[in-house]
file input-v3.txt (compact mmCIF, N, CA and C atoms)
# COMPACT_ATOMS: atom_id res chain seq x y z
N MET A 198 -27.72 -0.06 11.75
CA MET A 198 -26.34 0.10 12.15
C MET A 198 -25.68 -1.27 12.32
N VAL A 199 -26.40 -2.21 12.90
CA VAL A 199 -25.85 -3.54 13.11
C VAL A 199 -25.59 -4.23 11.77
N ILE A 200 -26.50 -4.06 10.83
CA ILE A 200 -26.34 -4.67 9.51
C ILE A 200 -25.11 -4.08 8.80
N ALA A 201 -24.93 -2.78 8.91
CA ALA A 201 -23.76 -2.14 8.30
C ALA A 201 -22.47 -2.65 8.93
N LEU A 202 -22.47 -2.83 10.23
CA LEU A 202 -21.29 -3.34 10.93
C LEU A 202 -20.97 -4.77 10.50
N ILE A 203 -21.99 -5.61 10.42
CA ILE A 203 -21.79 -6.99 9.99
C ILE A 203 -21.30 -7.03 8.54
N ALA A 204 -21.85 -6.18 7.68
CA ALA A 204 -21.39 -6.14 6.29
C ALA A 204 -19.94 -5.69 6.21
N ALA A 205 -19.57 -4.70 7.00
CA ALA A 205 -18.19 -4.22 7.00
C ALA A 205 -17.23 -5.30 7.47
N ILE A 206 -17.60 -6.03 8.49
CA ILE A 206 -16.76 -7.13 8.99
C ILE A 206 -16.63 -8.21 7.92
N GLY A 207 -17.73 -8.50 7.22
CA GLY A 207 -17.69 -9.50 6.15
C GLY A 207 -16.75 -9.09 5.03
N VAL A 208 -16.84 -7.83 4.63
CA VAL A 208 -15.95 -7.33 3.57
C VAL A 208 -14.49 -7.42 4.02
N MET A 209 -14.23 -7.05 5.28
CA MET A 209 -12.85 -7.12 5.78
C MET A 209 -12.34 -8.55 5.80
N LEU A 210 -13.17 -9.50 6.19
CA LEU A 210 -12.75 -10.90 6.22
C LEU A 210 -12.46 -11.42 4.82
N ILE A 211 -13.27 -11.02 3.86
CA ILE A 211 -13.07 -11.48 2.48
C ILE A 211 -11.84 -10.82 1.86
N ALA A 212 -11.63 -9.54 2.14
CA ALA A 212 -10.53 -8.79 1.50
C ALA A 212 -9.20 -8.95 2.22
N ALA A 213 -9.17 -9.52 3.39
CA ALA A 213 -7.93 -9.57 4.18
C ALA A 213 -6.84 -10.37 3.47
N LYS A 214 -7.16 -11.52 2.94
CA LYS A 214 -6.14 -12.38 2.32
C LYS A 214 -5.55 -11.75 1.05
N PRO A 215 -6.37 -11.27 0.09
CA PRO A 215 -5.76 -10.65 -1.10
C PRO A 215 -4.92 -9.41 -0.78
N ILE A 216 -5.38 -8.61 0.14
CA ILE A 216 -4.61 -7.41 0.51
C ILE A 216 -3.31 -7.82 1.20
N SER A 217 -3.38 -8.82 2.06
CA SER A 217 -2.18 -9.31 2.74
C SER A 217 -1.17 -9.86 1.74
N ASP A 218 -1.64 -10.61 0.76
CA ASP A 218 -0.74 -11.16 -0.27
C ASP A 218 -0.09 -10.04 -1.08
N PHE A 219 -0.86 -9.01 -1.43
CA PHE A 219 -0.33 -7.89 -2.20
C PHE A 219 0.74 -7.14 -1.41
N VAL A 220 0.47 -6.89 -0.14
CA VAL A 220 1.43 -6.16 0.69
C VAL A 220 2.70 -6.99 0.91
N ASP A 221 2.55 -8.30 1.09
CA ASP A 221 3.72 -9.16 1.25
C ASP A 221 4.57 -9.21 -0.01
N ALA A 222 3.94 -9.11 -1.17
CA ALA A 222 4.67 -9.16 -2.43
C ALA A 222 5.38 -7.84 -2.75
N HIS A 223 4.95 -6.75 -2.14
CA HIS A 223 5.53 -5.44 -2.44
C HIS A 223 5.96 -4.76 -1.14
N PRO A 224 7.23 -4.91 -0.76
CA PRO A 224 7.70 -4.33 0.50
C PRO A 224 7.58 -2.81 0.57
N THR A 225 7.61 -2.13 -0.57
CA THR A 225 7.49 -0.67 -0.53
C THR A 225 6.09 -0.24 -0.07
N ILE A 226 5.10 -1.09 -0.31
CA ILE A 226 3.74 -0.80 0.17
C ILE A 226 3.71 -0.85 1.70
N LYS A 227 4.49 -1.78 2.27
CA LYS A 227 4.58 -1.84 3.74
C LYS A 227 5.14 -0.53 4.28
N MET A 228 6.18 -0.03 3.65
CA MET A 228 6.79 1.22 4.10
C MET A 228 5.81 2.38 3.94
N LEU A 229 5.05 2.38 2.85
CA LEU A 229 4.06 3.43 2.62
C LEU A 229 2.98 3.39 3.70
N ALA A 230 2.52 2.19 4.05
CA ALA A 230 1.50 2.06 5.09
C ALA A 230 2.05 2.52 6.44
N LEU A 231 3.29 2.18 6.74
CA LEU A 231 3.89 2.63 8.00
C LEU A 231 4.04 4.15 8.02
N SER A 232 4.39 4.73 6.89
CA SER A 232 4.51 6.19 6.86
C SER A 232 3.15 6.85 7.04
N PHE A 233 2.09 6.24 6.53
CA PHE A 233 0.74 6.77 6.75
C PHE A 233 0.38 6.71 8.23
N LEU A 234 0.74 5.62 8.89
CA LEU A 234 0.47 5.52 10.32
C LEU A 234 1.22 6.61 11.10
N ILE A 235 2.46 6.85 10.72
CA ILE A 235 3.23 7.91 11.37
C ILE A 235 2.59 9.27 11.10
N LEU A 236 2.15 9.50 9.86
CA LEU A 236 1.51 10.77 9.51
C LEU A 236 0.25 10.99 10.35
N VAL A 237 -0.57 9.95 10.47
CA VAL A 237 -1.80 10.08 11.26
C VAL A 237 -1.45 10.30 12.74
N GLY A 238 -0.45 9.58 13.24
CA GLY A 238 -0.05 9.74 14.64
C GLY A 238 0.46 11.14 14.94
N VAL A 239 1.30 11.66 14.06
CA VAL A 239 1.82 13.02 14.26
C VAL A 239 0.69 14.04 14.18
N THR A 240 -0.23 13.81 13.26
CA THR A 240 -1.37 14.74 13.14
C THR A 240 -2.22 14.72 14.41
N LEU A 241 -2.44 13.54 14.98
CA LEU A 241 -3.21 13.46 16.23
C LEU A 241 -2.49 14.15 17.38
N ILE A 242 -1.16 13.99 17.43
CA ILE A 242 -0.40 14.67 18.48
C ILE A 242 -0.48 16.18 18.32
N VAL A 243 -0.34 16.66 17.09
CA VAL A 243 -0.42 18.10 16.84
C VAL A 243 -1.81 18.63 17.18
N GLU A 244 -2.84 17.88 16.79
CA GLU A 244 -4.21 18.28 17.12
C GLU A 244 -4.42 18.30 18.64
N GLY A 245 -3.71 17.41 19.35
CA GLY A 245 -3.81 17.40 20.81
C GLY A 245 -3.26 18.67 21.44
N PHE A 246 -2.33 19.33 20.75
CA PHE A 246 -1.80 20.60 21.22
C PHE A 246 -2.63 21.77 20.73
N ASP A 247 -3.82 21.49 20.23
CA ASP A 247 -4.79 22.49 19.81
C ASP A 247 -4.31 23.30 18.60
N VAL A 248 -3.56 22.65 17.71
CA VAL A 248 -3.14 23.27 16.46
C VAL A 248 -3.93 22.58 15.35
N HIS A 249 -4.68 23.35 14.59
CA HIS A 249 -5.51 22.77 13.54
C HIS A 249 -4.68 22.49 12.29
N VAL A 250 -4.78 21.26 11.81
CA VAL A 250 -4.12 20.87 10.56
C VAL A 250 -5.24 20.60 9.56
N PRO A 251 -5.29 21.34 8.46
CA PRO A 251 -6.34 21.08 7.47
C PRO A 251 -6.25 19.66 6.92
N LYS A 252 -7.37 18.97 6.93
CA LYS A 252 -7.39 17.57 6.49
C LYS A 252 -7.08 17.44 5.01
N GLY A 253 -7.32 18.48 4.24
CA GLY A 253 -7.01 18.44 2.82
C GLY A 253 -5.54 18.21 2.56
N TYR A 254 -4.68 18.79 3.39
CA TYR A 254 -3.23 18.58 3.24
C TYR A 254 -2.87 17.11 3.48
N ILE A 255 -3.48 16.53 4.49
CA ILE A 255 -3.18 15.14 4.82
C ILE A 255 -3.69 14.22 3.72
N TYR A 256 -4.93 14.42 3.29
CA TYR A 256 -5.49 13.57 2.25
C TYR A 256 -4.72 13.71 0.94
N PHE A 257 -4.35 14.95 0.60
CA PHE A 257 -3.60 15.15 -0.64
C PHE A 257 -2.26 14.43 -0.59
N SER A 258 -1.57 14.54 0.54
CA SER A 258 -0.26 13.88 0.63
C SER A 258 -0.40 12.37 0.55
N MET A 259 -1.45 11.81 1.13
CA MET A 259 -1.66 10.36 1.06
C MET A 259 -1.99 9.92 -0.37
N VAL A 260 -2.87 10.64 -1.03
CA VAL A 260 -3.24 10.29 -2.41
C VAL A 260 -2.04 10.44 -3.34
N PHE A 261 -1.28 11.50 -3.16
CA PHE A 261 -0.09 11.72 -3.99
C PHE A 261 0.92 10.59 -3.78
N SER A 262 1.14 10.19 -2.54
CA SER A 262 2.08 9.11 -2.25
C SER A 262 1.64 7.79 -2.87
N VAL A 263 0.36 7.50 -2.77
CA VAL A 263 -0.15 6.26 -3.36
C VAL A 263 -0.02 6.31 -4.88
N ALA A 264 -0.32 7.44 -5.49
CA ALA A 264 -0.20 7.56 -6.95
C ALA A 264 1.24 7.36 -7.40
N VAL A 265 2.18 7.96 -6.69
CA VAL A 265 3.60 7.79 -7.05
C VAL A 265 4.02 6.33 -6.88
N GLU A 266 3.56 5.69 -5.82
CA GLU A 266 3.92 4.29 -5.58
C GLU A 266 3.32 3.38 -6.66
N MET A 267 2.10 3.66 -7.08
CA MET A 267 1.50 2.85 -8.15
C MET A 267 2.28 3.01 -9.46
N LEU A 268 2.73 4.23 -9.75
CA LEU A 268 3.58 4.43 -10.93
C LEU A 268 4.89 3.66 -10.80
N ASN A 269 5.49 3.68 -9.61
CA ASN A 269 6.72 2.93 -9.38
C ASN A 269 6.51 1.44 -9.57
N LEU A 270 5.42 0.92 -9.04
CA LEU A 270 5.13 -0.51 -9.20
C LEU A 270 4.96 -0.87 -10.67
N ARG A 271 4.26 -0.01 -11.39
CA ARG A 271 4.04 -0.27 -12.81
C ARG A 271 5.34 -0.24 -13.61
N LEU A 272 6.20 0.73 -13.31
CA LEU A 272 7.49 0.82 -14.01
C LEU A 272 8.40 -0.34 -13.66
N ARG A 273 8.44 -0.73 -12.39
CA ARG A 273 9.27 -1.85 -12.00
C ARG A 273 8.80 -3.15 -12.62
N LYS A 274 7.50 -3.28 -12.80
CA LYS A 274 6.96 -4.50 -13.41
C LYS A 274 7.42 -4.60 -14.87
N LYS A 275 7.47 -3.47 -15.57
CA LYS A 275 7.90 -3.46 -16.96
C LYS A 275 9.40 -3.70 -17.08
N GLN A 276 10.18 -3.30 -16.08
CA GLN A 276 11.63 -3.38 -16.15
C GLN A 276 12.19 -4.69 -15.61
N GLN A 277 11.33 -5.58 -15.18
CA GLN A 277 11.84 -6.85 -14.67
C GLN A 277 12.56 -7.59 -15.79
N PRO A 278 13.72 -8.14 -15.47
CA PRO A 278 14.45 -8.85 -16.52
C PRO A 278 13.68 -10.09 -16.95
N LYS A 279 13.80 -10.37 -18.23
CA LYS A 279 13.14 -11.56 -18.75
C LYS A 279 13.90 -12.78 -18.27
N PRO A 280 13.20 -13.87 -18.04
CA PRO A 280 13.89 -15.07 -17.57
C PRO A 280 14.88 -15.58 -18.63
N VAL A 281 15.96 -16.12 -18.15
CA VAL A 281 16.99 -16.64 -19.05
C VAL A 281 16.52 -17.96 -19.63
N LYS A 282 16.62 -18.07 -20.95
CA LYS A 282 16.22 -19.32 -21.59
C LYS A 282 17.45 -20.22 -21.66
N LEU A 283 17.32 -21.38 -21.08
CA LEU A 283 18.41 -22.33 -21.10
C LEU A 283 18.18 -23.34 -22.22
N TYR A 284 19.19 -23.55 -22.99
CA TYR A 284 19.08 -24.50 -24.08
C TYR A 284 19.72 -25.80 -23.67
N LYS A 285 19.12 -26.85 -24.10
CA LYS A 285 19.65 -28.16 -23.79
C LYS A 285 20.89 -28.39 -24.66
N THR A 286 21.99 -28.67 -24.02
CA THR A 286 23.23 -28.90 -24.78
C THR A 286 23.31 -30.37 -25.17
N ILE A 287 23.86 -30.58 -26.31
CA ILE A 287 24.04 -31.95 -26.80
C ILE A 287 25.44 -32.39 -26.41
N SER A 288 25.53 -33.41 -25.62
CA SER A 288 26.85 -33.88 -25.22
C SER A 288 27.31 -34.98 -26.17
N ASN A 289 28.60 -35.00 -26.46
CA ASN A 289 29.15 -35.99 -27.40
C ASN A 289 29.44 -37.28 -26.73
call {"tool": "encode", "arguments": {"input": "input-v3.txt", "output": "structure tokens"}}
result
Amino acid sequence: MVIALIAAIGVMLIAAKPISDFVDAHPTIKMLALSFLILVGVTLIVEGFDVHVPKGYIYFSMVFSVAVEMLNLRLRKKQQPKPVKLYKTISN
């Protein structure tokens, strides 16, 4: 158990910077992560009132949201305008 915990901490330390850079570069991912936190929080509150929420619904909604966001990122990447090429003008 201790070895698994140390390995998990190591993976988190190594992956923290690339994940942080990716999230900073894509603000919609931040919003998606915040919505997941709200979803989990609401689910915990509902479960606290002794109402069972099937986990399949929650997992499906999270996977669907991530899939849609990945498609959006891919489409936006293709639609980025090409940089303007500036030509050197010859002055008389």
call {"tool": "select_by_dssp", "arguments": {"input": "input-v3.txt", "residues": "chain A", "states": "alpha helix (DSSP H)", "output": "PyMOL selection string"}}
result
chain A and resi 199-222+224-245+252-275
call {"tool": "residues_around", "arguments": {"input": "input-v3.txt", "residues": "range 268-271 of chain A", "least_positions_apart": "6", "cutoff": "10 Å", "atoms": "only C-alpha atoms", "output": "number ranges by chain"}}
result
A: 223, 225-226, 262
call {"tool": "write_last_selection", "arguments": {"input": "input-v3.txt", "atoms": "N, CA and C atoms", "output": "compact mmCIF listing (two decimals), in the coordinates of the input"}}
result
# COMPACT_ATOMS: atom_id res chain seq x y z
N HIS A 223 4.95 -6.75 -2.14
CA HIS A 223 5.53 -5.44 -2.44
C HIS A 223 5.96 -4.76 -1.14
N THR A 225 7.61 -2.13 -0.57
CA THR A 225 7.49 -0.67 -0.53
C THR A 225 6.09 -0.24 -0.07
N ILE A 226 5.10 -1.09 -0.31
CA ILE A 226 3.74 -0.80 0.17
C ILE A 226 3.71 -0.85 1.70
N SER A 262 1.14 10.19 -2.54
CA SER A 262 2.08 9.11 -2.25
C SER A 262 1.64 7.79 -2.87
call {"tool": "atom_distance", "arguments": {"input": "input-v3.txt", "atom1": "CA of Glu266 in chain A", "atom2": "CA of Lys214 in chain A"}}
result
21.0 Å
call {"tool": "axis_aligned_box", "arguments": {"input": "input-v3.txt", "around": "range 248-263 of chain A", "padding_each_side": "3 Å", "output": "lines of an AutoDock Vina configuration file"}}
result
center_x = -2.7
center_y = 14.8
center_z = 6.4
size_x = 15.5
size_y = 23.1
size_z = 28.6
call {"tool": "closest_residue", "arguments": {"input": "input-v3.txt", "among": "A:Ile203, A:Asp221, A:Ile211, A:Phe233", "to": "Met259 in chain A", "atoms": "only N, CA and C atoms"}}
result
A:Phe233
call {"tool": "decode", "arguments": {"input": "input-v3.txt", "residues": "range 239-270 of chain A", "atoms": "N, CA and C atoms", "output": "PDB file, in the first residue's frame"}}
result
ATOM      1  N   VAL A 239     -23.030  18.316  -5.968  1.00  0.00           N
ATOM      2  CA  VAL A 239     -24.484  18.155  -5.942  1.00  0.00           C
ATOM      3  C   VAL A 239     -24.850  16.689  -5.716  1.00  0.00           C
ATOM      4  N   THR A 240     -24.102  15.799  -6.346  1.00  0.00           N
ATOM      5  CA  THR A 240     -24.376  14.366  -6.152  1.00  0.00           C
ATOM      6  C   THR A 240     -24.161  13.962  -4.700  1.00  0.00           C
ATOM      7  N   LEU A 241     -23.109  14.471  -4.075  1.00  0.00           N
ATOM      8  CA  LEU A 241     -22.858  14.151  -2.664  1.00  0.00           C
ATOM      9  C   LEU A 241     -23.966  14.707  -1.767  1.00  0.00           C
ATOM     10  N   ILE A 242     -24.437  15.914  -2.085  1.00  0.00           N
ATOM     11  CA  ILE A 242     -25.528  16.491  -1.290  1.00  0.00           C
ATOM     12  C   ILE A 242     -26.792  15.656  -1.445  1.00  0.00           C
ATOM     13  N   VAL A 243     -27.109  15.258  -2.669  1.00  0.00           N
ATOM     14  CA  VAL A 243     -28.302  14.441  -2.912  1.00  0.00           C
ATOM     15  C   VAL A 243     -28.173  13.090  -2.209  1.00  0.00           C
ATOM     16  N   GLU A 244     -26.991  12.491  -2.282  1.00  0.00           N
ATOM     17  CA  GLU A 244     -26.768  11.212  -1.591  1.00  0.00           C
ATOM     18  C   GLU A 244     -26.907  11.388  -0.076  1.00  0.00           C
ATOM     19  N   GLY A 245     -26.554  12.577   0.422  1.00  0.00           N
ATOM     20  CA  GLY A 245     -26.707  12.851   1.850  1.00  0.00           C
ATOM     21  C   GLY A 245     -28.163  12.854   2.289  1.00  0.00           C
ATOM     22  N   PHE A 246     -29.069  13.165   1.360  1.00  0.00           N
ATOM     23  CA  PHE A 246     -30.500  13.118   1.647  1.00  0.00           C
ATOM     24  C   PHE A 246     -31.078  11.737   1.387  1.00  0.00           C
ATOM     25  N   ASP A 247     -30.213  10.749   1.245  1.00  0.00           N
ATOM     26  CA  ASP A 247     -30.590   9.346   1.091  1.00  0.00           C
ATOM     27  C   ASP A 247     -31.345   9.079  -0.214  1.00  0.00           C
ATOM     28  N   VAL A 248     -30.987   9.820  -1.264  1.00  0.00           N
ATOM     29  CA  VAL A 248     -31.541   9.582  -2.597  1.00  0.00           C
ATOM     30  C   VAL A 248     -30.417   8.983  -3.430  1.00  0.00           C
ATOM     31  N   HIS A 249     -30.647   7.795  -3.969  1.00  0.00           N
ATOM     32  CA  HIS A 249     -29.607   7.122  -4.737  1.00  0.00           C
ATOM     33  C   HIS A 249     -29.563   7.661  -6.160  1.00  0.00           C
ATOM     34  N   VAL A 250     -28.364   8.056  -6.584  1.00  0.00           N
ATOM     35  CA  VAL A 250     -28.141   8.497  -7.956  1.00  0.00           C
ATOM     36  C   VAL A 250     -27.250   7.446  -8.611  1.00  0.00           C
ATOM     37  N   PRO A 251     -27.721   6.790  -9.665  1.00  0.00           N
ATOM     38  CA  PRO A 251     -26.870   5.786 -10.318  1.00  0.00           C
ATOM     39  C   PRO A 251     -25.582   6.414 -10.850  1.00  0.00           C
ATOM     40  N   LYS A 252     -24.470   5.797 -10.522  1.00  0.00           N
ATOM     41  CA  LYS A 252     -23.169   6.343 -10.916  1.00  0.00           C
ATOM     42  C   LYS A 252     -22.981   6.327 -12.425  1.00  0.00           C
ATOM     43  N   GLY A 253     -23.675   5.439 -13.111  1.00  0.00           N
ATOM     44  CA  GLY A 253     -23.579   5.380 -14.567  1.00  0.00           C
ATOM     45  C   GLY A 253     -24.010   6.680 -15.220  1.00  0.00           C
ATOM     46  N   TYR A 254     -25.028   7.329 -14.665  1.00  0.00           N
ATOM     47  CA  TYR A 254     -25.479   8.617 -15.202  1.00  0.00           C
ATOM     48  C   TYR A 254     -24.392   9.675 -15.060  1.00  0.00           C
ATOM     49  N   ILE A 255     -23.750   9.679 -13.912  1.00  0.00           N
ATOM     50  CA  ILE A 255     -22.714  10.678 -13.658  1.00  0.00           C
ATOM     51  C   ILE A 255     -21.513  10.426 -14.557  1.00  0.00           C
ATOM     52  N   TYR A 256     -21.066   9.177 -14.631  1.00  0.00           N
ATOM     53  CA  TYR A 256     -19.904   8.859 -15.465  1.00  0.00           C
ATOM     54  C   TYR A 256     -20.197   9.136 -16.933  1.00  0.00           C
ATOM     55  N   PHE A 257     -21.402   8.777 -17.387  1.00  0.00           N
ATOM     56  CA  PHE A 257     -21.739   9.021 -18.785  1.00  0.00           C
ATOM     57  C   PHE A 257     -21.731  10.510 -19.094  1.00  0.00           C
ATOM     58  N   SER A 258     -22.300  11.316 -18.207  1.00  0.00           N
ATOM     59  CA  SER A 258     -22.331  12.757 -18.471  1.00  0.00           C
ATOM     60  C   SER A 258     -20.928  13.341 -18.488  1.00  0.00           C
ATOM     61  N   MET A 259     -20.044  12.853 -17.629  1.00  0.00           N
ATOM     62  CA  MET A 259     -18.663  13.355 -17.624  1.00  0.00           C
ATOM     63  C   MET A 259     -17.926  12.950 -18.900  1.00  0.00           C
ATOM     64  N   VAL A 260     -18.061  11.699 -19.300  1.00  0.00           N
ATOM     65  CA  VAL A 260     -17.381  11.230 -20.518  1.00  0.00           C
ATOM     66  C   VAL A 260     -17.926  11.953 -21.746  1.00  0.00           C
ATOM     67  N   PHE A 261     -19.237  12.134 -21.798  1.00  0.00           N
ATOM     68  CA  PHE A 261     -19.843  12.838 -22.924  1.00  0.00           C
ATOM     69  C   PHE A 261     -19.344  14.281 -22.993  1.00  0.00           C
ATOM     70  N   SER A 262     -19.273  14.952 -21.859  1.00  0.00           N
ATOM     71  CA  SER A 262     -18.798  16.330 -21.826  1.00  0.00           C
ATOM     72  C   SER A 262     -17.349  16.445 -22.274  1.00  0.00           C
ATOM     73  N   VAL A 263     -16.520  15.524 -21.822  1.00  0.00           N
ATOM     74  CA  VAL A 263     -15.115  15.541 -22.232  1.00  0.00           C
ATOM     75  C   VAL A 263     -14.994  15.268 -23.730  1.00  0.00           C
ATOM     76  N   ALA A 264     -15.771  14.334 -24.246  1.00  0.00           N
ATOM     77  CA  ALA A 264     -15.720  14.027 -25.679  1.00  0.00           C
ATOM     78  C   ALA A 264     -16.133  15.241 -26.518  1.00  0.00           C
ATOM     79  N   VAL A 265     -17.192  15.918 -26.102  1.00  0.00           N
ATOM     80  CA  VAL A 265     -17.636  17.115 -26.831  1.00  0.00           C
ATOM     81  C   VAL A 265     -16.570  18.204 -26.762  1.00  0.00           C
ATOM     82  N   GLU A 266     -15.951  18.378 -25.609  1.00  0.00           N
ATOM     83  CA  GLU A 266     -14.920  19.408 -25.467  1.00  0.00           C
ATOM     84  C   GLU A 266     -13.692  19.076 -26.319  1.00  0.00           C
ATOM     85  N   MET A 267     -13.319  17.808 -26.395  1.00  0.00           N
ATOM     86  CA  MET A 267     -12.185  17.433 -27.244  1.00  0.00           C
ATOM     87  C   MET A 267     -12.495  17.709 -28.718  1.00  0.00           C
ATOM     88  N   LEU A 268     -13.723  17.444 -29.138  1.00  0.00           N
ATOM     89  CA  LEU A 268     -14.120  17.782 -30.513  1.00  0.00           C
ATOM     90  C   LEU A 268     -14.060  19.292 -30.740  1.00  0.00           C
ATOM     91  N   ASN A 269     -14.522  20.070 -29.757  1.00  0.00           N
ATOM     92  CA  ASN A 269     -14.458  21.522 -29.874  1.00  0.00           C
ATOM     93  C   ASN A 269     -13.021  22.016 -29.976  1.00  0.00           C
ATOM     94  N   LEU A 270     -12.144  21.465 -29.155  1.00  0.00           N
ATOM     95  CA  LEU A 270     -10.732  21.866 -29.214  1.00  0.00           C
ATOM     96  C   LEU A 270     -10.126  21.546 -30.572  1.00  0.00           C
TER      97      LEU A 270
END
